[in-house]
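Undergrad: First the structure, then my questions, so here it is.
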There are 2 protein chains.
Amino acid sequence: MSSPTPVRRGPGRPPRRAADGLETRSALIRCGTAVLTEKGFAAAGIDEVLRSVGVPKGSFYHYFDSKEAFGQAVIDHYAAYFARKLARCFEDRTLTPLARVQAFVDDACAGMARHDFRRGCLIGNLGQEMAVLPESFRARLEAVFADWQQRLAACLAEAVAAGELRAGADCDALAAFFWIGWEGAVLRAKLVRSAAPLRCFAAGFMAGLPR
Amino acid sequence: MSSPTPVRRGPGRPPRRAADGLETRSALIRCGTAVLTEKGFAAAGIDEVLRSVGVPKGSFYHYFDSKEAFGQAVIDHYAAYFARKLARCFEDRTLTPLARVQAFVDDACAGMARHDFRRGCLIGNLGQEMAVLPESFRARLEAVFADWQQRLAACLAEAVAAGELRAGADCDALAAFFWIGWEGAVLRAKLVRSAAPLRCFAAGFMAGLPR
DNA sequence: ATATTTCGAGACGGCCGGTCTAATATCTCC
DNA sequence: GGAGATATTAGACCGGCCGTCTCGAAATAT
């Protein structure tokens with residue numbers, strides 16, 4: 001019997017399938033997200049992504065102008081994914097604001113453990129690589145960090161309103177501080193293959209908050 | 001007139017010169033430190049180092065078994081250099097213990113600015129790259145971080161003794177927290193090409209210390 | 001049915017980077 | 001002063017990777 005999705009692979013325009021073009025394209029992006037999150041941009045090869053998805057090289061340059069354009073698409077995809085995750089955590093009304101921050105940390109620990117601490121944060125990876133990256137990445141990466149910072153700052157502002165933080169606390173500065181250090185924690189977690197750095201940083205952050 | 005050091009370049013055993021082998025070798029390491037600190041290990045090419053030092057490609061494998069071995073040597077060199085810097089800062093009796101930490105931060109800000117925020121921290125760079133690095137690097141990088149943490153913890157212990165920190169403060173945990181987050185700050189400073197993240201993290205760290 | 005457009009297969013070129021081998025000049029020791 | 005040992009290098013090799021190119025076939029329009 002034939003496979004459930006008889007993916008024709010051979011030259012010629014493929015038979016019409018529901019939004020197949022989008023399927024292929026987004027499969028490439030999804031796989032690329034995993035690969036770039038693990039290896040970074042420069043060290044990752046397009047061929048690896050293609051082989052893993054089962055798409056021939058010729059298709060790639062039909063969907064993307066270049067590796068650089070592909071990277072941009074992957075960043076956008078990751079940013080959207082992460083924004084959803086942050087919204088889920090930081091706007092969860094069933095928890096107190098500070099408990100939401102802790103929930104994010106717990107979620108991140110579980111996430112890294114699930115991939116044996118080989119994958120880190122795509123944005124952090126690429127930020128570290130800026131010296132060897134197309135300059136076009138810089139603005140996009142900065143924008144993503146700005147978004148994260150704003151989301152966390154809003155959550156911290158709720159903490160102030162709820163009396164969990166001292167009135168007058170500088171939520172923006174605290175949020176900036178968190179994300180700056182968090183990337184370091186992710187980096188270290190990859191190195192020691194353990195969630196300890198994530199927990200260490202989170203605990204230190206919580207302990208240092210102005211109550 | 002001939003150059004002061006008439007470096008013979010051509011096949012054959014070179015004329016005896018005072019420790020020339022060590023000269024060449026350490027020149028490679030010094031240049032490699034700069035390059036790896038900027039680009040990381042995977043993205044850095046040996047050719048670039050060789051060209052920059054004026055050593056032919058064939059020579060490389062006379063001095064090092066492989067790129068991996070070269071990387072190890074560079075790590076060792078960088079670790080020694082950084083240990084000296086930390087000793088200079090953290091054991092400076094002319095400053096209070098906490099002022100020494102701030103002195104290190106100021107020094108680091110100046111250092112990154114001097115290279116236009118293109119160079120970061122070699123150890124952090126390589127840590128981030130672990131997924132695509134020879135496994136042999138892991139232990140060495142961890143050891144370097146452990147050394148840094150211990151040096152900072154000692155300084156913080158002095159701060160406790162001097163009454164700058166609350167008695168009973170967990171200096172080891174605080175030191176671990178600092179280095180975890182600091183690497184994130186360096187990463188971010190490279191991204192935004194500014195010392196602001198370094199200062200933001202340092203300020204947050206200082207503000208959160210138990211007094 | 002014919003022409004045109006859309007999509008994909010897979011090979012190819014060019015480049016670059018790490019590694020190895022052979023060759024060569026000097027040193028050392030008899 | 002000659003012979004072997006040693007230090008250094010030139011250059012070739014191999015493999016990977018990005019990007020391109022041509023061809024082929026299905027879908028769609030006319």
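Chain identifiers are assigned as A, B, and so on, following the order in which chains appear in the structure tokens; residues are numbered from 1 within each chain, and ligands are numbered from 1 in order of appearance.
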Using backbone DSSP assignments, extract all alpha helix (DSSP H) residues from range 29-208 of chain A; output them as number ranges by chain.
TA: A: 29-39, 46-53, 57-63, 67-90, 97-114, 122-129, 136-161, 171-192, 196-208
Undergrad: Please identify every residue of chain D that has at least one atom no more than 12 Å from any atom of chain A, counting only C-alpha atoms (C1' of nucleotides), and report them as a PyMOL selection string.
TA: chain D and resi 16-28
Undergrad: Distance table requested - chain C against chain B, cut-off 10 Å, only C-alpha atoms (C1' of nucleotides): one row per qualifying residue with the closest atom pair and its distance in Å to one decimal, ordered by chain and rising residue number, as a Markdown table.
TA:
```
| residue | atom | partner | partner_atom | distance |
| --- | --- | --- | --- | --- |
| C:DC16 | C1' | B:Gly45 | CA | 9.2 |
| C:DG17 | C1' | B:Gly45 | CA | 6.7 |
| C:DG18 | C1' | B:Lys67 | CA | 7.7 |
| C:DT19 | C1' | B:Tyr61 | CA | 8.2 |
| C:DC20 | C1' | B:Tyr61 | CA | 9.3 |
| C:DA23 | C1' | B:Pro11 | CA | 7.8 |
| C:DT24 | C1' | B:Gly12 | CA | 4.4 |
| C:DA25 | C1' | B:Gly12 | CA | 3.6 |
| C:DT26 | C1' | B:Arg13 | CA | 4.8 |
| C:DC27 | C1' | B:Arg16 | CA | 8.3 |
```
Undergrad: Give me, as a ChimeraX atom specification, the residues of chain A touching chain B, with the criterion being at most 7 Å (counting only C-alpha atoms).
TA: /A:38-39,42-43,118,125,127-132,138,177,180-185,187-188,191,197,200-201,204,208-209
Undergrad: Quick one: pull the distance between CA of Asp92 in chain B and CA of Asp107 in chain B, Å, one decimal.
TA: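 For CA of Asp92 in chain B relative to CA of Asp107 in chain B, the distance reads 13.5 Å.
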Undergrad: Looking at only C-alpha atoms, which of B:Trp148, B:Phe60, B:Phe104, B:Phe70 is the one that sits closest to Cys89 in chain B?
TA: B:Phe104
Undergrad: What does the distance between CA of Ser136 in chain B and CA of Ala79 in chain B come to in Å, to one decimal place?
TA: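 CA of Ala79 in chain B lies 15.9 Å from CA of Ser136 in chain B.
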Undergrad: When you draw a straight line from CA of Phe82 in chain B to CA of Leu156 in chain B, how long is it in Å?
TA: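 So the two atoms, CA of Phe82 in chain B and CA of Leu156 in chain B, lie 18.4 Å apart.
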